[in-house]
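Only one structure is covered here, and it is reproduced in the block below.
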Amino acid sequence: MTQKIVVVGSCMIDFTCFSPRLPKPGETIIGTKFEKKYGGKGANQCVASAKLGGSTALVASLGCDTFAQEYLEILKKENVDTSHVKIQKDKHSGIAHITVAEDGQNTIVIVLGANESLNREHVDSAVDVIKGASVLLCQFETPLETTLHALRLHQGHGLSIVNGAPAVENLDPEILKLCDIFCVNETEAEIMTGIQPVELSNVQQVADKLLAKGCNAIILTLGPLGAVYASKANRNVMLIPATEVQPVDTTGAGDAFLGAFAYFKAYHPQLSMDECIRRACVVATQSVLKFGTHASFPTISDLPADLFEDK
Ligand code: ATP
Ligand code: RIB
């Protein structure tokens, strides 16, 4: 059976320290809580779609450790097709060290581990799933050549979205040309364009630079401000505002946005681009009101019913 949404991406084990504030370089501060959770941008985006009721498949690599077995069980419980999640015998699972401050902001250091072993052959083994999906979603926590391969396989079979996170400087422009939509947050856009800080007053310039690099269309997420969209066909940026809330934990907000956006594109293809982005912002806004990643992603029953209507 093929799934509507396929993610070729990462799995990470998230070790999160909650702290009054983010430490300064060289500083040690006493935190308030520690949690081990399951994350990774690829798996998070897949779970965010699945929690909305999307049929999803994940093509990913986990390591040879107990975390991997636990993660597989979690993904299965979320109804994610894990037939193409492989265990790499000689690697540890990807690890993320996360600090979350009381104002909801975070910093993250990742060690890729088994995610580095996600290769062309692995993607080839999932070719039917990739070609059968209406939406392909990729990120930058797995090798770029593997992502390129997945994008080439999916070409002509549906919509492809690349989340350029974490940011890569001097990116192979082919990846930007191959995907239908390239999505980054402000920090990633700053690294890619050299425009700093990215703010509402210069988003047109940011969009122009990303489109000039070869993107077909871009979404720039702007935290509480929402997101902007621009494309080759219409370079004028369109702002889709979010309703600002006081976040408790923004970890995975971008993943909630992307998973939800993929869901609306796959299940409500007649909706306009700005409406899909608006609805994805509603889902992402909900996610920043709860701690964690998967646990913070809303299900259909947590959201207004009209979010799932066709108009
Ligand atoms: P992450 O913290 O996971 O790296 P991100 O930086 O990739 O997240 P953001 O641009 O911060 O992603 O947020 C993604 C989306 O989440 C925004 O477009 C918006 O819809 C929603 N969002 C984030 N913060 C807030 C907020 N304070 N109020 C309302 N919505 C928010
Ligand atoms: O986007 C949030 C995710 O980034 C975390 O779950 C962490 O694993 C890192 O990959």
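Naming scheme: A, B, ... for chains in displayed order of the structure tokens; residues 1 onward per chain; ligands 1 onward as shown.
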Excluding range 71-88 of chain A and any residue of its chain fewer than 2 positions from it, enumerate the residues within 10 Å of it, using only C-alpha atoms, and give them as a PDB file with N, CA and C atoms, in the first residue's frame.
ATOM      1  N   MET A   1       0.844  -1.199   0.000  1.00  0.00           N
ATOM      2  CA  MET A   1       0.000   0.000   0.000  1.00  0.00           C
ATOM      3  C   MET A   1       0.884   1.255   0.000  1.00  0.00           C
ATOM      4  N   THR A   2       0.552   2.225  -0.842  1.00  0.00           N
ATOM      5  CA  THR A   2       1.357   3.454  -0.815  1.00  0.00           C
ATOM      6  C   THR A   2       0.674   4.509   0.058  1.00  0.00           C
ATOM      7  N   GLN A   3       1.496   5.374   0.618  1.00  0.00           N
ATOM      8  CA  GLN A   3       0.991   6.413   1.526  1.00  0.00           C
ATOM      9  C   GLN A   3       0.954   7.740   0.778  1.00  0.00           C
ATOM     10  N   ILE A   5       1.796  10.697   1.998  1.00  0.00           N
ATOM     11  CA  ILE A   5       2.913  11.581   2.342  1.00  0.00           C
ATOM     12  C   ILE A   5       4.121  10.705   2.676  1.00  0.00           C
ATOM     13  N   VAL A   6       5.242  10.963   2.010  1.00  0.00           N
ATOM     14  CA  VAL A   6       6.467  10.222   2.351  1.00  0.00           C
ATOM     15  C   VAL A   6       7.534  11.218   2.788  1.00  0.00           C
ATOM     16  N   VAL A   8      11.539  11.482   3.532  1.00  0.00           N
ATOM     17  CA  VAL A   8      12.874  10.887   3.474  1.00  0.00           C
ATOM     18  C   VAL A   8      13.718  11.782   4.364  1.00  0.00           C
ATOM     19  N   GLY A   9      14.011  11.311   5.578  1.00  0.00           N
ATOM     20  CA  GLY A   9      14.660  12.226   6.521  1.00  0.00           C
ATOM     21  C   GLY A   9      15.158  11.555   7.782  1.00  0.00           C
ATOM     22  N   SER A  10      15.306  12.378   8.806  1.00  0.00           N
ATOM     23  CA  SER A  10      16.045  11.974  10.012  1.00  0.00           C
ATOM     24  C   SER A  10      15.167  11.498  11.158  1.00  0.00           C
ATOM     25  N   CYS A  11      15.822  10.735  12.043  1.00  0.00           N
ATOM     26  CA  CYS A  11      15.286  10.413  13.370  1.00  0.00           C
ATOM     27  C   CYS A  11      16.376  10.813  14.364  1.00  0.00           C
ATOM     28  N   MET A  12      15.997  11.443  15.448  1.00  0.00           N
ATOM     29  CA  MET A  12      16.966  11.792  16.509  1.00  0.00           C
ATOM     30  C   MET A  12      16.375  11.419  17.853  1.00  0.00           C
ATOM     31  N   ILE A  13      17.270  11.141  18.800  1.00  0.00           N
ATOM     32  CA  ILE A  13      16.838  10.977  20.179  1.00  0.00           C
ATOM     33  C   ILE A  13      17.110  12.330  20.836  1.00  0.00           C
ATOM     34  N   LYS A  37      13.308  12.389  24.765  1.00  0.00           N
ATOM     35  CA  LYS A  37      12.144  12.229  23.892  1.00  0.00           C
ATOM     36  C   LYS A  37      12.625  11.832  22.494  1.00  0.00           C
ATOM     37  N   TYR A  38      11.689  11.666  21.594  1.00  0.00           N
ATOM     38  CA  TYR A  38      12.015  11.197  20.244  1.00  0.00           C
ATOM     39  C   TYR A  38      11.726  12.306  19.243  1.00  0.00           C
ATOM     40  N   GLY A  39      12.745  12.660  18.456  1.00  0.00           N
ATOM     41  CA  GLY A  39      12.608  13.789  17.543  1.00  0.00           C
ATOM     42  C   GLY A  39      13.299  13.534  16.216  1.00  0.00           C
ATOM     43  N   ALA A  43      11.335  12.665  11.191  1.00  0.00           N
ATOM     44  CA  ALA A  43      10.305  11.913  11.922  1.00  0.00           C
ATOM     45  C   ALA A  43       9.264  12.868  12.499  1.00  0.00           C
ATOM     46  N   ASN A  44       9.709  14.015  13.007  1.00  0.00           N
ATOM     47  CA  ASN A  44       8.742  14.976  13.569  1.00  0.00           C
ATOM     48  C   ASN A  44       7.718  15.398  12.522  1.00  0.00           C
ATOM     49  N   CYS A  46       6.828  13.861   9.848  1.00  0.00           N
ATOM     50  CA  CYS A  46       6.000  12.709   9.508  1.00  0.00           C
ATOM     51  C   CYS A  46       4.903  12.513  10.573  1.00  0.00           C
ATOM     52  N   VAL A  47       5.310  12.593  11.836  1.00  0.00           N
ATOM     53  CA  VAL A  47       4.349  12.407  12.935  1.00  0.00           C
ATOM     54  C   VAL A  47       3.330  13.553  12.951  1.00  0.00           C
ATOM     55  N   ALA A  48       3.789  14.778  12.667  1.00  0.00           N
ATOM     56  CA  ALA A  48       2.851  15.913  12.645  1.00  0.00           C
ATOM     57  C   ALA A  48       1.759  15.675  11.602  1.00  0.00           C
ATOM     58  N   SER A  49       2.119  15.154  10.422  1.00  0.00           N
ATOM     59  CA  SER A  49       1.111  14.841   9.376  1.00  0.00           C
ATOM     60  C   SER A  49       0.215  13.705   9.844  1.00  0.00           C
ATOM     61  N   ALA A  50       0.848  12.668  10.429  1.00  0.00           N
ATOM     62  CA  ALA A  50       0.088  11.486  10.850  1.00  0.00           C
ATOM     63  C   ALA A  50      -0.923  11.845  11.932  1.00  0.00           C
ATOM     64  N   LYS A  51      -0.542  12.761  12.835  1.00  0.00           N
ATOM     65  CA  LYS A  51      -1.462  13.126  13.921  1.00  0.00           C
ATOM     66  C   LYS A  51      -2.691  13.869  13.396  1.00  0.00           C
ATOM     67  N   GLY A  53      -4.108  12.840  10.744  1.00  0.00           N
ATOM     68  CA  GLY A  53      -4.850  11.789  10.043  1.00  0.00           C
ATOM     69  C   GLY A  53      -4.264  11.441   8.690  1.00  0.00           C
ATOM     70  N   GLY A  54      -3.094  12.008   8.376  1.00  0.00           N
ATOM     71  CA  GLY A  54      -2.460  11.706   7.086  1.00  0.00           C
ATOM     72  C   GLY A  54      -1.869  10.304   7.062  1.00  0.00           C
ATOM     73  N   SER A  55      -1.938   9.632   5.897  1.00  0.00           N
ATOM     74  CA  SER A  55      -1.249   8.342   5.780  1.00  0.00           C
ATOM     75  C   SER A  55       0.191   8.656   5.366  1.00  0.00           C
ATOM     76  N   THR A  56       1.125   8.196   6.187  1.00  0.00           N
ATOM     77  CA  THR A  56       2.523   8.615   6.016  1.00  0.00           C
ATOM     78  C   THR A  56       3.470   7.416   6.031  1.00  0.00           C
ATOM     79  N   ALA A  57       4.596   7.597   5.341  1.00  0.00           N
ATOM     80  CA  ALA A  57       5.683   6.608   5.395  1.00  0.00           C
ATOM     81  C   ALA A  57       6.976   7.363   5.654  1.00  0.00           C
ATOM     82  N   LEU A  58       7.863   6.749   6.426  1.00  0.00           N
ATOM     83  CA  LEU A  58       9.150   7.371   6.746  1.00  0.00           C
ATOM     84  C   LEU A  58      10.275   6.504   6.185  1.00  0.00           C
ATOM     85  N   VAL A  59      11.171   7.141   5.438  1.00  0.00           N
ATOM     86  CA  VAL A  59      12.377   6.459   4.952  1.00  0.00           C
ATOM     87  C   VAL A  59      13.518   7.056   5.767  1.00  0.00           C
ATOM     88  N   ALA A  60      14.089   6.252   6.667  1.00  0.00           N
ATOM     89  CA  ALA A  60      15.040   6.814   7.634  1.00  0.00           C
ATOM     90  C   ALA A  60      15.945   5.720   8.185  1.00  0.00           C
ATOM     91  N   SER A  61      16.977   6.159   8.929  1.00  0.00           N
ATOM     92  CA  SER A  61      17.944   5.239   9.537  1.00  0.00           C
ATOM     93  C   SER A  61      18.038   5.475  11.030  1.00  0.00           C
ATOM     94  N   LEU A  62      17.978   4.392  11.786  1.00  0.00           N
ATOM     95  CA  LEU A  62      18.213   4.447  13.228  1.00  0.00           C
ATOM     96  C   LEU A  62      19.463   3.623  13.535  1.00  0.00           C
ATOM     97  N   GLY A  63      20.008   3.787  14.743  1.00  0.00           N
ATOM     98  CA  GLY A  63      21.234   3.079  15.089  1.00  0.00           C
ATOM     99  C   GLY A  63      20.965   1.747  15.764  1.00  0.00           C
ATOM    100  N   CYS A  64      22.059   1.098  16.159  1.00  0.00           N
ATOM    101  CA  CYS A  64      21.950  -0.203  16.811  1.00  0.00           C
ATOM    102  C   CYS A  64      21.947   0.032  18.322  1.00  0.00           C
ATOM    103  N   ASP A  65      20.832   0.461  18.865  1.00  0.00           N
ATOM    104  CA  ASP A  65      20.733   0.733  20.301  1.00  0.00           C
ATOM    105  C   ASP A  65      19.284   0.577  20.736  1.00  0.00           C
ATOM    106  N   THR A  66      19.058   0.639  22.032  1.00  0.00           N
ATOM    107  CA  THR A  66      17.688   0.417  22.531  1.00  0.00           C
ATOM    108  C   THR A  66      16.757   1.553  22.107  1.00  0.00           C
ATOM    109  N   PHE A  67      17.319   2.766  21.906  1.00  0.00           N
ATOM    110  CA  PHE A  67      16.495   3.901  21.482  1.00  0.00           C
ATOM    111  C   PHE A  67      15.766   3.575  20.172  1.00  0.00           C
ATOM    112  N   ALA A  68      16.486   2.861  19.285  1.00  0.00           N
ATOM    113  CA  ALA A  68      15.933   2.580  17.958  1.00  0.00           C
ATOM    114  C   ALA A  68      14.654   1.756  18.063  1.00  0.00           C
ATOM    115  N   GLN A  69      14.688   0.708  18.902  1.00  0.00           N
ATOM    116  CA  GLN A  69      13.504  -0.149  19.050  1.00  0.00           C
ATOM    117  C   GLN A  69      12.349   0.652  19.640  1.00  0.00           C
ATOM    118  N   ASP A  90      26.346  -0.613  12.612  1.00  0.00           N
ATOM    119  CA  ASP A  90      27.617  -0.059  13.111  1.00  0.00           C
ATOM    120  C   ASP A  90      27.484   1.391  13.591  1.00  0.00           C
ATOM    121  N   LYS A  91      26.267   1.873  13.778  1.00  0.00           N
ATOM    122  CA  LYS A  91      26.085   3.301  14.135  1.00  0.00           C
ATOM    123  C   LYS A  91      25.185   3.449  15.356  1.00  0.00           C
ATOM    124  N   HIS A  92      25.325   4.591  16.039  1.00  0.00           N
ATOM    125  CA  HIS A  92      24.355   4.918  17.102  1.00  0.00           C
ATOM    126  C   HIS A  92      23.243   5.768  16.476  1.00  0.00           C
ATOM    127  N   SER A  93      22.099   5.792  17.109  1.00  0.00           N
ATOM    128  CA  SER A  93      21.014   6.632  16.597  1.00  0.00           C
ATOM    129  C   SER A  93      21.415   8.103  16.680  1.00  0.00           C
ATOM    130  N   GLY A 113      24.920  10.524  13.605  1.00  0.00           N
ATOM    131  CA  GLY A 113      24.921   9.068  13.821  1.00  0.00           C
ATOM    132  C   GLY A 113      24.365   8.336  12.602  1.00  0.00           C
ATOM    133  N   ALA A 114      23.392   7.450  12.847  1.00  0.00           N
ATOM    134  CA  ALA A 114      22.851   6.593  11.782  1.00  0.00           C
ATOM    135  C   ALA A 114      22.213   7.374  10.632  1.00  0.00           C
ATOM    136  N   ASN A 115      21.826   8.623  10.877  1.00  0.00           N
ATOM    137  CA  ASN A 115      21.214   9.403   9.781  1.00  0.00           C
ATOM    138  C   ASN A 115      22.174   9.573   8.608  1.00  0.00           C
ATOM    139  N   GLU A 116      23.495   9.534   8.925  1.00  0.00           N
ATOM    140  CA  GLU A 116      24.498   9.682   7.856  1.00  0.00           C
ATOM    141  C   GLU A 116      24.505   8.489   6.916  1.00  0.00           C
ATOM    142  N   SER A 117      23.931   7.375   7.371  1.00  0.00           N
ATOM    143  CA  SER A 117      23.947   6.153   6.544  1.00  0.00           C
ATOM    144  C   SER A 117      22.739   6.038   5.625  1.00  0.00           C
ATOM    145  N   LEU A 118      21.865   7.009   5.652  1.00  0.00           N
ATOM    146  CA  LEU A 118      20.709   6.976   4.736  1.00  0.00           C
ATOM    147  C   LEU A 118      21.244   7.247   3.320  1.00  0.00           C
ATOM    148  N   HIS A 122      19.165   2.703  -0.060  1.00  0.00           N
ATOM    149  CA  HIS A 122      18.064   2.702   0.909  1.00  0.00           C
ATOM    150  C   HIS A 122      16.824   3.381   0.278  1.00  0.00           C
ATOM    151  N   VAL A 123      17.063   4.517  -0.357  1.00  0.00           N
ATOM    152  CA  VAL A 123      15.968   5.242  -1.019  1.00  0.00           C
ATOM    153  C   VAL A 123      15.408   4.402  -2.181  1.00  0.00           C
ATOM    154  N   SER A 125      15.214   1.267  -2.347  1.00  0.00           N
ATOM    155  CA  SER A 125      14.376   0.184  -1.820  1.00  0.00           C
ATOM    156  C   SER A 125      12.955   0.679  -1.506  1.00  0.00           C
ATOM    157  N   ALA A 126      12.792   2.005  -1.441  1.00  0.00           N
ATOM    158  CA  ALA A 126      11.466   2.575  -1.150  1.00  0.00           C
ATOM    159  C   ALA A 126      10.884   3.262  -2.387  1.00  0.00           C
ATOM    160  N   VAL A 129       7.066   3.505  -2.830  1.00  0.00           N
ATOM    161  CA  VAL A 129       6.446   4.397  -1.835  1.00  0.00           C
ATOM    162  C   VAL A 129       6.681   5.854  -2.241  1.00  0.00           C
ATOM    163  N   HIS A 294       6.635  15.668  19.344  1.00  0.00           N
ATOM    164  CA  HIS A 294       5.452  14.849  19.015  1.00  0.00           C
ATOM    165  C   HIS A 294       4.282  15.172  19.942  1.00  0.00           C
TER     166      HIS A 294
END
Non-local contacts of Ser296 in chain A (10 Å; only C-alpha atoms; under 6 positions in same chain excluded) as a compact mmCIF listing (two decimals) with N, CA, C and O atoms, in the first residue's frame:
# COMPACT_ATOMS: atom_id res chain seq x y z
N ALA A 48 3.79 14.78 12.67
CA ALA A 48 2.85 15.91 12.64
C ALA A 48 1.76 15.68 11.60
O ALA A 48 0.57 15.93 11.87
N ASP A 249 7.26 26.28 24.53
CA ASP A 249 8.39 25.53 23.94
C ASP A 249 8.19 25.54 22.42
O ASP A 249 7.24 24.96 21.92
N THR A 250 9.11 26.21 21.73
CA THR A 250 8.96 26.30 20.27
C THR A 250 9.64 25.13 19.54
O THR A 250 9.60 25.07 18.31
N THR A 251 10.26 24.20 20.30
CA THR A 251 10.96 23.09 19.63
C THR A 251 9.97 22.34 18.74
O THR A 251 8.93 21.89 19.21
N GLY A 252 10.33 22.20 17.46
CA GLY A 252 9.48 21.46 16.54
C GLY A 252 8.34 22.29 15.94
O GLY A 252 7.52 21.74 15.21
N ALA A 253 8.32 23.62 16.20
CA ALA A 253 7.25 24.44 15.61
C ALA A 253 7.34 24.39 14.08
O ALA A 253 6.32 24.25 13.38
N ALA A 256 6.01 21.08 12.96
CA ALA A 256 4.54 21.05 13.00
C ALA A 256 3.99 21.77 11.76
O ALA A 256 3.06 21.28 11.10
N VAL A 283 -1.89 25.10 13.02
CA VAL A 283 -1.39 23.87 13.65
C VAL A 283 -0.08 24.16 14.40
O VAL A 283 0.11 23.75 15.55
N ALA A 284 0.83 24.90 13.75
CA ALA A 284 2.14 25.19 14.37
C ALA A 284 1.96 26.06 15.62
O ALA A 284 2.66 25.85 16.63
N GLN A 286 -0.54 26.05 17.66
CA GLN A 286 -0.99 25.15 18.74
C GLN A 286 0.21 24.43 19.36
O GLN A 286 0.27 24.21 20.56
N SER A 287 1.18 24.04 18.49
CA SER A 287 2.30 23.21 18.97
C SER A 287 3.20 23.96 19.95
O SER A 287 3.84 23.33 20.79
N VAL A 288 3.30 25.29 19.84
CA VAL A 288 4.21 26.02 20.73
C VAL A 288 3.62 26.23 22.12
O VAL A 288 4.27 26.71 23.03
N LEU A 289 2.36 25.82 22.27
CA LEU A 289 1.70 25.97 23.58
C LEU A 289 1.92 24.76 24.47
O LEU A 289 1.46 24.73 25.62
N LYS A 290 2.59 23.72 23.91
CA LYS A 290 2.87 22.52 24.71
C LYS A 290 4.35 22.20 24.63
O LYS A 290 5.02 22.55 23.65
Hey, which residues sit close to ligand 1? Say within 9 Å, counting only C-alpha atoms and all ligand atoms, and write them as a PDB file with C-alpha atoms, in the first residue's frame.
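Generated file (out-v5.pdb):
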ATOM      1  CA  LYS A  41      13.086  16.872  11.810  1.00  0.00           C
ATOM      2  CA  GLY A 104      10.138  29.037  25.022  1.00  0.00           C
ATOM      3  CA  GLN A 105      13.266  29.609  22.905  1.00  0.00           C
ATOM      4  CA  ASN A 106      15.723  26.775  22.288  1.00  0.00           C
ATOM      5  CA  THR A 107      19.177  25.841  21.050  1.00  0.00           C
ATOM      6  CA  ILE A 108      19.936  22.455  19.512  1.00  0.00           C
ATOM      7  CA  ASN A 163      12.907  22.090   4.522  1.00  0.00           C
ATOM      8  CA  ALA A 165      17.059  22.884   8.111  1.00  0.00           C
ATOM      9  CA  PRO A 166      19.582  22.918   9.613  1.00  0.00           C
ATOM     10  CA  VAL A 184      13.294  27.852   5.772  1.00  0.00           C
ATOM     11  CA  ASN A 185      13.006  29.836   9.010  1.00  0.00           C
ATOM     12  CA  GLU A 186      14.575  33.249   9.634  1.00  0.00           C
ATOM     13  CA  THR A 187      17.928  31.897  10.907  1.00  0.00           C
ATOM     14  CA  GLU A 188      18.301  29.530   7.973  1.00  0.00           C
ATOM     15  CA  LEU A 220       9.793  31.595   4.965  1.00  0.00           C
ATOM     16  CA  THR A 221       8.484  30.911   8.473  1.00  0.00           C
ATOM     17  CA  LEU A 222       8.693  33.879  10.815  1.00  0.00           C
ATOM     18  CA  GLY A 223       7.786  32.509  14.255  1.00  0.00           C
ATOM     19  CA  PRO A 224       4.927  34.528  15.805  1.00  0.00           C
ATOM     20  CA  LEU A 225       4.592  36.620  12.639  1.00  0.00           C
ATOM     21  CA  GLY A 226       3.480  33.618  10.557  1.00  0.00           C
ATOM     22  CA  ALA A 227       4.997  32.883   7.157  1.00  0.00           C
ATOM     23  CA  VAL A 228       5.596  34.418   3.749  1.00  0.00           C
ATOM     24  CA  ILE A 240       0.206  34.884   5.932  1.00  0.00           C
ATOM     25  CA  PRO A 241       0.038  36.080   9.538  1.00  0.00           C
ATOM     26  CA  ALA A 242      -0.206  33.794  12.575  1.00  0.00           C
ATOM     27  CA  THR A 243      -2.068  34.662  15.751  1.00  0.00           C
ATOM     28  CA  GLU A 244       0.750  35.401  18.190  1.00  0.00           C
ATOM     29  CA  VAL A 245       0.766  33.418  21.430  1.00  0.00           C
ATOM     30  CA  GLN A 246       3.169  33.245  24.385  1.00  0.00           C
ATOM     31  CA  PRO A 247       5.086  30.013  23.657  1.00  0.00           C
ATOM     32  CA  VAL A 248       6.104  27.474  26.304  1.00  0.00           C
ATOM     33  CA  ASP A 249       8.385  25.531  23.942  1.00  0.00           C
ATOM     34  CA  THR A 250       8.958  26.300  20.269  1.00  0.00           C
ATOM     35  CA  THR A 251      10.964  23.087  19.630  1.00  0.00           C
ATOM     36  CA  GLY A 252       9.480  21.460  16.545  1.00  0.00           C
ATOM     37  CA  ALA A 253       7.247  24.445  15.608  1.00  0.00           C
ATOM     38  CA  GLY A 254       8.765  24.409  12.141  1.00  0.00           C
ATOM     39  CA  ASP A 255       8.177  20.643  11.943  1.00  0.00           C
ATOM     40  CA  ALA A 256       4.544  21.055  13.001  1.00  0.00           C
ATOM     41  CA  PHE A 257       4.183  23.675  10.254  1.00  0.00           C
ATOM     42  CA  LEU A 258       5.776  21.479   7.556  1.00  0.00           C
ATOM     43  CA  ILE A 277      -0.069  28.008   4.749  1.00  0.00           C
ATOM     44  CA  ARG A 278      -2.657  29.709   6.994  1.00  0.00           C
ATOM     45  CA  ARG A 279      -3.956  26.347   8.182  1.00  0.00           C
ATOM     46  CA  ALA A 280      -0.408  25.037   8.735  1.00  0.00           C
ATOM     47  CA  CYS A 281       0.296  28.164  10.843  1.00  0.00           C
ATOM     48  CA  VAL A 282      -2.753  27.377  13.011  1.00  0.00           C
ATOM     49  CA  VAL A 283      -1.388  23.871  13.646  1.00  0.00           C
ATOM     50  CA  ALA A 284       2.142  25.195  14.372  1.00  0.00           C
ATOM     51  CA  THR A 285       0.791  27.863  16.740  1.00  0.00           C
ATOM     52  CA  GLN A 286      -0.988  25.149  18.742  1.00  0.00           C
ATOM     53  CA  SER A 287       2.295  23.211  18.974  1.00  0.00           C
ATOM     54  CA  VAL A 288       4.214  26.020  20.733  1.00  0.00           C
ATOM     55  CA  LEU A 289       1.696  25.973  23.583  1.00  0.00           C
ATOM     56  CA  THR A 293       7.789  17.799  19.732  1.00  0.00           C
TER      57      THR A 293
END
- Residue nearest ligand 2 - candidates A:Lys4, A:Ile130, A:Gln204, A:Gly292, atoms counted: only C-alpha atoms and all ligand atoms: A:Gly292
- Item | From A:Asn216, A:Thr16, A:Gln205, A:Ser160, residue lying nearest Phe261 in chain A [only C-alpha atoms] | A:Ser160
- Item | In range 159-289 of chain A, DSSP strand (DSSP E or B) residues written as a PyMOL selection string | chain A and resi 159-163+181-185+217-221+227-231+238-240
- Task: Give the alpha helix (DSSP H) residues of range 80-174 of chain A, as DSSP finds them on the backbone, and put them as a count of residues only.
- Result: 24
- Message: Would you compute the distance between CA of Ile218 in chain A and CA of Ile110 in chain A? Give it in Å to one decimal.
- Response: 25.2 Å
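Here CA of Gly26 in chain A and CA of Asn170 in chain A stand 29.3 Å from one another.
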